[in-house]
$ cat model26.cif   # mmCIF, C-alpha atoms and all ligand atoms
data_query
#
loop_
_atom_site.group_PDB
_atom_site.id
_atom_site.type_symbol
_atom_site.label_atom_id
_atom_site.label_comp_id
_atom_site.auth_asym_id
_atom_site.auth_seq_id
_atom_site.Cartn_x
_atom_site.Cartn_y
_atom_site.Cartn_z
ATOM 1 C CA MET A 1 106.303 115.592 133.125
ATOM 2 C CA ASN A 2 109.465 115.009 131.143
ATOM 3 C CA LEU A 3 110.945 111.565 130.626
ATOM 4 C CA PRO A 4 114.749 111.286 130.225
ATOM 5 C CA GLU A 5 115.835 112.293 126.718
ATOM 6 C CA PRO A 6 116.992 108.810 125.550
ATOM 7 C CA ILE A 7 113.545 107.439 126.441
ATOM 8 C CA ASP A 8 111.840 110.283 124.641
ATOM 9 C CA ASN A 9 113.942 109.618 121.524
ATOM 10 C CA LEU A 10 113.162 105.921 121.605
ATOM 11 C CA VAL A 11 109.423 106.531 121.984
ATOM 12 C CA LYS A 12 109.587 108.866 118.955
ATOM 13 C CA GLU A 13 111.392 106.181 116.920
ATOM 14 C CA PHE A 14 108.802 103.529 117.756
ATOM 15 C CA SER A 15 105.869 105.855 117.119
ATOM 16 C CA ARG A 16 107.133 106.259 113.517
ATOM 17 C CA LEU A 17 106.487 102.545 112.877
ATOM 18 C CA PRO A 18 103.340 101.630 110.931
ATOM 19 C CA SER A 19 100.222 101.196 113.092
ATOM 20 C CA VAL A 20 102.051 102.234 116.278
ATOM 21 C CA GLY A 21 100.656 105.293 118.018
ATOM 22 C CA PHE A 22 102.419 107.334 120.686
ATOM 23 C CA ARG A 23 100.808 105.476 123.616
ATOM 24 C CA THR A 24 101.734 102.060 122.206
ATOM 25 C CA ALA A 25 105.278 103.271 121.504
ATOM 26 C CA GLU A 26 105.572 104.380 125.131
ATOM 27 C CA LYS A 27 104.339 100.979 126.351
ATOM 28 C CA ILE A 28 106.835 99.123 124.130
ATOM 29 C CA VAL A 29 109.746 101.250 125.350
ATOM 30 C CA LEU A 30 108.854 100.814 129.029
ATOM 31 C CA TYR A 31 108.499 97.052 128.454
ATOM 32 C CA LEU A 32 111.887 96.828 126.720
ATOM 33 C CA LEU A 33 113.623 98.696 129.532
ATOM 34 C CA LYS A 34 112.593 95.972 131.958
ATOM 35 C CA LYS A 35 114.409 93.367 129.863
ATOM 36 C CA PRO A 36 117.968 92.260 130.643
ATOM 37 C CA ARG A 37 120.674 93.842 128.477
ATOM 38 C CA PHE A 38 121.376 90.487 126.815
ATOM 39 C CA ASP A 39 117.811 90.259 125.462
ATOM 40 C CA LEU A 40 118.033 93.771 124.054
ATOM 41 C CA GLU A 41 121.351 93.005 122.351
ATOM 42 C CA ARG A 42 119.794 89.961 120.706
ATOM 43 C CA PHE A 43 116.762 92.015 119.665
ATOM 44 C CA SER A 44 118.735 94.879 118.130
ATOM 45 C CA GLY A 45 121.158 92.360 116.586
ATOM 46 C CA SER A 46 118.254 90.571 114.852
ATOM 47 C CA ILE A 47 117.087 93.832 113.278
ATOM 48 C CA LEU A 48 120.561 94.597 111.915
ATOM 49 C CA GLU A 49 121.067 91.006 110.768
ATOM 50 C CA ALA A 50 117.804 91.102 108.807
ATOM 51 C CA LYS A 51 118.844 94.392 107.224
ATOM 52 C CA ASP A 52 122.327 93.105 106.328
ATOM 53 C CA LYS A 53 121.410 89.651 105.069
ATOM 54 C CA VAL A 54 118.192 90.330 103.198
ATOM 55 C CA ASP A 55 117.736 92.054 99.856
ATOM 56 C CA TYR A 56 115.043 92.472 97.228
ATOM 57 C CA CYS A 57 114.511 89.676 94.697
ATOM 58 C CA LYS A 58 116.008 90.717 91.333
ATOM 59 C CA ASN A 59 112.831 89.620 89.608
ATOM 60 C CA CYS A 60 109.761 90.471 91.701
ATOM 61 C CA CYS A 61 111.190 92.748 94.443
ATOM 62 C CA MET A 62 109.988 90.448 97.260
ATOM 63 C CA LEU A 63 112.497 89.886 100.074
ATOM 64 C CA THR A 64 115.140 87.226 99.625
ATOM 65 C CA ASP A 65 118.315 86.030 101.287
ATOM 66 C CA LYS A 66 121.209 88.168 100.002
ATOM 67 C CA SER A 67 123.039 85.041 98.844
ATOM 68 C CA MET A 68 120.158 84.308 96.418
ATOM 69 C CA ASP A 69 119.255 86.524 93.476
ATOM 70 C CA LEU A 70 115.693 85.236 93.414
ATOM 71 C CA CYS A 71 113.135 84.813 96.184
ATOM 72 C CA SER A 72 111.601 81.441 97.109
ATOM 73 C CA ILE A 73 108.480 82.180 95.014
ATOM 74 C CA CYS A 74 110.439 83.011 91.847
ATOM 75 C CA ARG A 75 112.582 79.886 92.407
ATOM 76 C CA ASN A 76 109.523 77.655 92.762
ATOM 77 C CA PRO A 77 109.190 75.652 89.487
ATOM 78 C CA LYS A 78 105.479 75.063 90.205
ATOM 79 C CA LYS A 79 104.694 78.771 89.890
ATOM 80 C CA ASP A 80 103.209 79.961 86.603
ATOM 81 C CA VAL A 81 105.454 82.790 85.421
ATOM 82 C CA ARG A 82 102.941 83.796 82.727
ATOM 83 C CA ILE A 83 100.663 85.362 85.347
ATOM 84 C CA ILE A 84 101.932 88.268 87.465
ATOM 85 C CA CYS A 85 99.929 89.628 90.376
ATOM 86 C CA VAL A 86 100.980 93.215 91.128
ATOM 87 C CA VAL A 87 100.769 94.226 94.797
ATOM 88 C CA SER A 88 101.631 97.408 96.684
ATOM 89 C CA GLU A 89 103.386 95.848 99.652
ATOM 90 C CA ILE A 90 105.023 92.587 100.718
ATOM 91 C CA SER A 91 102.273 92.178 103.346
ATOM 92 C CA ASP A 92 99.703 92.011 100.484
ATOM 93 C CA LEU A 93 101.757 89.307 98.742
ATOM 94 C CA ILE A 94 101.882 87.293 101.979
ATOM 95 C CA SER A 95 98.076 87.522 102.389
ATOM 96 C CA ILE A 96 97.415 86.385 98.786
ATOM 97 C CA GLU A 97 99.968 83.581 98.999
ATOM 98 C CA LYS A 98 98.394 82.367 102.258
ATOM 99 C CA SER A 99 94.952 82.281 100.613
ATOM 100 C CA GLY A 100 96.378 79.390 98.564
ATOM 101 C CA ASN A 101 94.328 80.279 95.492
ATOM 102 C CA PHE A 102 97.009 81.736 93.283
ATOM 103 C CA SER A 103 99.531 79.764 91.275
ATOM 104 C CA GLY A 104 101.194 82.688 89.493
ATOM 105 C CA VAL A 105 104.055 84.954 90.511
ATOM 106 C CA TYR A 106 104.095 88.490 91.946
ATOM 107 C CA HIS A 107 105.516 91.945 91.554
ATOM 108 C CA VAL A 108 105.882 94.166 94.603
ATOM 109 C CA LEU A 109 105.791 97.923 93.953
ATOM 110 C CA HIS A 110 106.751 98.901 97.515
ATOM 111 C CA GLY A 111 104.148 101.635 97.798
ATOM 112 C CA GLU A 112 101.350 103.373 95.929
ATOM 113 C CA LEU A 113 101.300 106.523 93.855
ATOM 114 C CA SER A 114 100.499 109.507 96.045
ATOM 115 C CA PRO A 115 101.379 112.833 94.433
ATOM 116 C CA LEU A 116 100.207 114.762 97.514
ATOM 117 C CA ASP A 117 102.817 112.933 99.612
ATOM 118 C CA GLY A 118 105.445 113.334 96.911
ATOM 119 C CA VAL A 119 105.339 109.664 95.831
ATOM 120 C CA GLY A 120 105.648 109.549 92.030
ATOM 121 C CA PRO A 121 106.306 106.640 89.616
ATOM 122 C CA GLU A 122 110.064 107.085 90.052
ATOM 123 C CA HIS A 123 109.749 106.093 93.740
ATOM 124 C CA LEU A 124 108.121 102.726 93.043
ATOM 125 C CA PHE A 125 109.430 99.564 91.325
ATOM 126 C CA PHE A 126 107.650 100.092 87.985
ATOM 127 C CA ASP A 127 110.789 99.862 85.830
ATOM 128 C CA LYS A 128 111.442 96.343 87.090
ATOM 129 C CA LEU A 129 107.869 95.420 86.151
ATOM 130 C CA TRP A 130 108.131 96.829 82.595
ATOM 131 C CA GLU A 131 111.446 94.946 82.222
ATOM 132 C CA ARG A 132 109.662 91.674 83.047
ATOM 133 C CA LEU A 133 106.981 92.379 80.445
ATOM 134 C CA THR A 134 109.433 92.939 77.600
ATOM 135 C CA GLY A 135 110.467 89.253 77.689
ATOM 136 C CA GLY A 136 107.168 88.355 76.000
ATOM 137 C CA ASN A 137 106.337 85.472 78.359
ATOM 138 C CA VAL A 138 103.705 87.271 80.410
ATOM 139 C CA GLU A 139 100.087 86.588 79.438
ATOM 140 C CA GLU A 140 98.188 88.191 82.303
ATOM 141 C CA ILE A 141 98.683 90.932 84.879
ATOM 142 C CA ILE A 142 96.392 90.909 87.899
ATOM 143 C CA LEU A 143 96.113 94.233 89.693
ATOM 144 C CA ALA A 144 95.669 93.607 93.421
ATOM 145 C CA ASN A 145 95.615 97.240 94.402
ATOM 146 C CA ASN A 146 93.838 98.458 97.530
ATOM 147 C CA PRO A 147 90.453 100.138 96.892
ATOM 148 C CA THR A 148 91.746 103.525 98.042
ATOM 149 C CA PHE A 149 92.454 106.695 96.082
ATOM 150 C CA GLU A 150 96.194 105.893 95.993
ATOM 151 C CA GLY A 151 95.594 102.225 95.098
ATOM 152 C CA GLU A 152 93.216 103.130 92.257
ATOM 153 C CA SER A 153 95.627 105.790 90.933
ATOM 154 C CA THR A 154 98.403 103.196 90.851
ATOM 155 C CA ALA A 155 96.160 100.707 89.026
ATOM 156 C CA ILE A 156 95.185 103.343 86.423
ATOM 157 C CA TYR A 157 98.849 104.196 85.853
ATOM 158 C CA ILE A 158 99.715 100.524 85.202
ATOM 159 C CA LYS A 159 96.639 100.025 83.025
ATOM 160 C CA ARG A 160 97.519 102.989 80.768
ATOM 161 C CA PHE A 161 101.128 101.888 80.377
ATOM 162 C CA VAL A 162 100.335 98.230 79.678
ATOM 163 C CA LYS A 163 97.476 98.975 77.238
ATOM 164 C CA GLU A 164 99.780 101.252 75.263
ATOM 165 C CA ARG A 165 102.996 99.230 75.277
ATOM 166 C CA PHE A 166 101.853 95.652 75.767
ATOM 167 C CA PRO A 167 98.295 95.488 74.362
ATOM 168 C CA GLU A 168 98.543 91.702 73.964
ATOM 169 C CA ILE A 169 98.753 91.155 77.751
ATOM 170 C CA ARG A 170 95.446 90.459 79.504
ATOM 171 C CA LEU A 171 94.785 92.889 82.363
ATOM 172 C CA THR A 172 92.543 91.902 85.253
ATOM 173 C CA GLN A 173 91.706 93.292 88.663
ATOM 174 C CA LEU A 174 90.704 91.481 91.860
ATOM 175 C CA ALA A 175 86.924 91.226 92.119
ATOM 176 C CA GLN A 176 85.527 93.653 94.632
ATOM 177 C CA GLY A 177 84.758 92.235 98.006
ATOM 178 C CA ILE A 178 87.390 94.380 99.549
ATOM 179 C CA PRO A 179 85.495 97.191 101.288
ATOM 180 C CA GLN A 180 86.129 100.672 99.878
ATOM 181 C CA GLY A 181 89.112 102.204 101.663
ATOM 182 C CA GLY A 182 90.072 98.714 102.928
ATOM 183 C CA SER A 183 93.270 96.813 102.410
ATOM 184 C CA VAL A 184 94.300 93.584 100.663
ATOM 185 C CA GLU A 185 96.579 92.817 103.590
ATOM 186 C CA TYR A 186 93.718 92.524 106.091
ATOM 187 C CA MET A 187 91.271 90.566 103.926
ATOM 188 C CA ASP A 188 90.451 87.085 105.192
ATOM 189 C CA HIS A 189 91.743 84.225 103.081
ATOM 190 C CA ILE A 190 88.325 83.074 101.842
ATOM 191 C CA THR A 191 87.299 86.551 100.618
ATOM 192 C CA LEU A 192 90.724 87.036 99.062
ATOM 193 C CA GLY A 193 90.524 83.643 97.338
ATOM 194 C CA LYS A 194 87.099 84.547 95.919
ATOM 195 C CA ALA A 195 88.343 87.984 94.804
ATOM 196 C CA MET A 196 91.187 86.233 92.955
ATOM 197 C CA GLU A 197 88.889 83.621 91.369
ATOM 198 C CA GLY A 198 86.354 86.228 90.285
ATOM 199 C CA ARG A 199 88.892 88.700 88.904
ATOM 200 C CA LYS A 200 87.590 90.845 86.079
ATOM 201 C CA GLU A 201 89.070 92.004 82.832
ATOM 202 C CA ILE A 202 89.747 95.764 82.780
HETATM 203 ZN ZN ZN B 301 110.919 86.965 93.380
#
$ encode --input "model26.cif" --output "structure tokens"
Amino acid sequence: MNLPEPIDNLVKEFSRLPSVGFRTAEKIVLYLLKKPRFDLERFSGSILEAKDKVDYCKNCCMLTDKSMDLCSICRNPKKDVRIICVVSEISDLISIEKSGNFSGVYHVLHGELSPLDGVGPEHLFFDKLWERLTGGNVEEIILANNPTFEGESTAIYIKRFVKERFPEIRLTQLAQGIPQGGSVEYMDHITLGKAMEGRKEI
């Protein structure tokens, strides 16, 4: 059975979203089509508004309002700028921040190294991180990588670079407690808090 082409295209678009399979994409599209046109205009308008009005923080690469250079975390005077927690994705930052156990700042790489998928260092926000380290204010870097092949490869890359160029900076990694192949994003707040507290020097 063939669905009309515009529906087919929309299902394909939705199925490209993270964690959305083909069946879910189909359900979403059929649900949206039942909505009045006004609701859909508001929905699509919100997506474009977010894209137009939001940018990456000039410091940590978290999202921020385009009218502000720095995100709310980097603008928070209570945050300890001497400790940077490096995460792969914004969703990881949100999970750690919600755990309430971390008083430092972050750096978001927006991905993990994955040579097989063509993701090399030039595709991630490493340069911004090295720039922050040259100021001389940073005392510790916490690697909050996922315990996956890609996450570990990214952590090793950072470790080599920092040990060579900034040997005075303390390097630590979240204590294990994250199951192998798991994800920082989906860890519960208590486990994440303990992993942060029990971080180990590497
Ligand atoms: Zn920031």
$ residues_near_ligand --input "model26.cif" --ligand "ligand ZN 301 (chain B)" --cutoff "7 Å" --atoms "only C-alpha atoms and all ligand atoms" --output "PyMOL selection string"
chain A and resi 57-62+70-74
$ residues_around --input "model26.cif" --residues "Val108 of chain A" --least-positions-apart "3" --cutoff "12 Å" --atoms "all atoms listed in the file" --output "CSV table (one decimal) with C-alpha atoms, in the frame of the given file"
chain,number,residue,atom,x,y,z
A,56,TYR,CA,115.0,92.5,97.2
A,57,CYS,CA,114.5,89.7,94.7
A,58,LYS,CA,116.0,90.7,91.3
A,59,ASN,CA,112.8,89.6,89.6
A,60,CYS,CA,109.8,90.5,91.7
A,61,CYS,CA,111.2,92.7,94.4
A,62,MET,CA,110.0,90.4,97.3
A,63,LEU,CA,112.5,89.9,100.1
A,71,CYS,CA,113.1,84.8,96.2
A,84,ILE,CA,101.9,88.3,87.5
A,85,CYS,CA,99.9,89.6,90.4
A,86,VAL,CA,101.0,93.2,91.1
A,87,VAL,CA,100.8,94.2,94.8
A,88,SER,CA,101.6,97.4,96.7
A,89,GLU,CA,103.4,95.8,99.7
A,90,ILE,CA,105.0,92.6,100.7
A,91,SER,CA,102.3,92.2,103.3
A,92,ASP,CA,99.7,92.0,100.5
A,93,LEU,CA,101.8,89.3,98.7
A,94,ILE,CA,101.9,87.3,102.0
A,105,VAL,CA,104.1,85.0,90.5
A,111,GLY,CA,104.1,101.6,97.8
A,112,GLU,CA,101.4,103.4,95.9
A,124,LEU,CA,108.1,102.7,93.0
A,125,PHE,CA,109.4,99.6,91.3
A,126,PHE,CA,107.6,100.1,88.0
A,127,ASP,CA,110.8,99.9,85.8
A,128,LYS,CA,111.4,96.3,87.1
A,129,LEU,CA,107.9,95.4,86.2
A,143,LEU,CA,96.1,94.2,89.7
A,144,ALA,CA,95.7,93.6,93.4
A,145,ASN,CA,95.6,97.2,94.4
$ atom_distance --input "model26.cif" --atom1 "atom CA of Ser103 of chain A" --atom2 "atom CA of Glu150 of chain A"
26.8 Å
$ axis_aligned_box --input "model26.cif" --around "segment 114-126 of chain A" --padding-each-side "6 Å" --output "JSON"
{"center_x": 105.1, "center_y": 107.2, "center_z": 93.8, "size_x": 21.9, "size_y": 27.2, "size_z": 23.6}
$ closest_residue --input "model26.cif" --among "A:Asp8, A:Asp80, A:Glu140, A:Asp52" --to "Ser67 of chain A" --atoms "only C-alpha atoms"
A:Asp52
$ resolve_selection --input "model26.cif" --expression "the PyMOL selection byres (((chain A and resi 171) around 7) and not hetatm)" --output "VMD selection string"
chain A and resid 140 to 142 169 to 170 172 201 to 202
$ closest_residue --input "model26.cif" --among "A:Glu49, A:Gly120, A:Asp55, A:Met1" --to "Asp69 of chain A" --atoms "only C-alpha atoms"
A:Asp55
$ residues_around --input "model26.cif" --residues "segment 25-33 of chain A" --least-positions-apart "2" --cutoff "8 Å" --atoms "all atoms listed in the file" --output "list in words"
Ile7, Leu10, Val11, Lys12, Phe14, Ser15, Val20, Gly21, Phe22, Arg23, Lys35, Pro36 and Leu40 of chain A
$ closest_residue --input "model26.cif" --among "A:Thr24, A:Glu97, A:Thr134, A:Ser153" --to "Val119 of chain A" --atoms "all atoms listed in the file"
A:Ser153
$ atom_distance --input "model26.cif" --atom1 "atom CA of Asn137 of chain A" --atom2 "atom CA of Glu164 of chain A"
17.4 Å
$ atom_distance --input "model26.cif" --atom1 "atom CA of Thr64 of chain A" --atom2 "atom CA of Lys51 of chain A"
11.1 Å
$ closest_residue --input "model26.cif" --among "A:Ala155, A:Leu3, A:Ile47, A:Leu192" --to "Ala175 of chain A" --atoms "only C-alpha atoms"
A:Leu192
$ closest_residue --input "model26.cif" --among "A:Thr148, A:Thr154, A:Ser95, A:Asn76" --to "His110 of chain A" --atoms "all atoms listed in the file"
A:Thr154
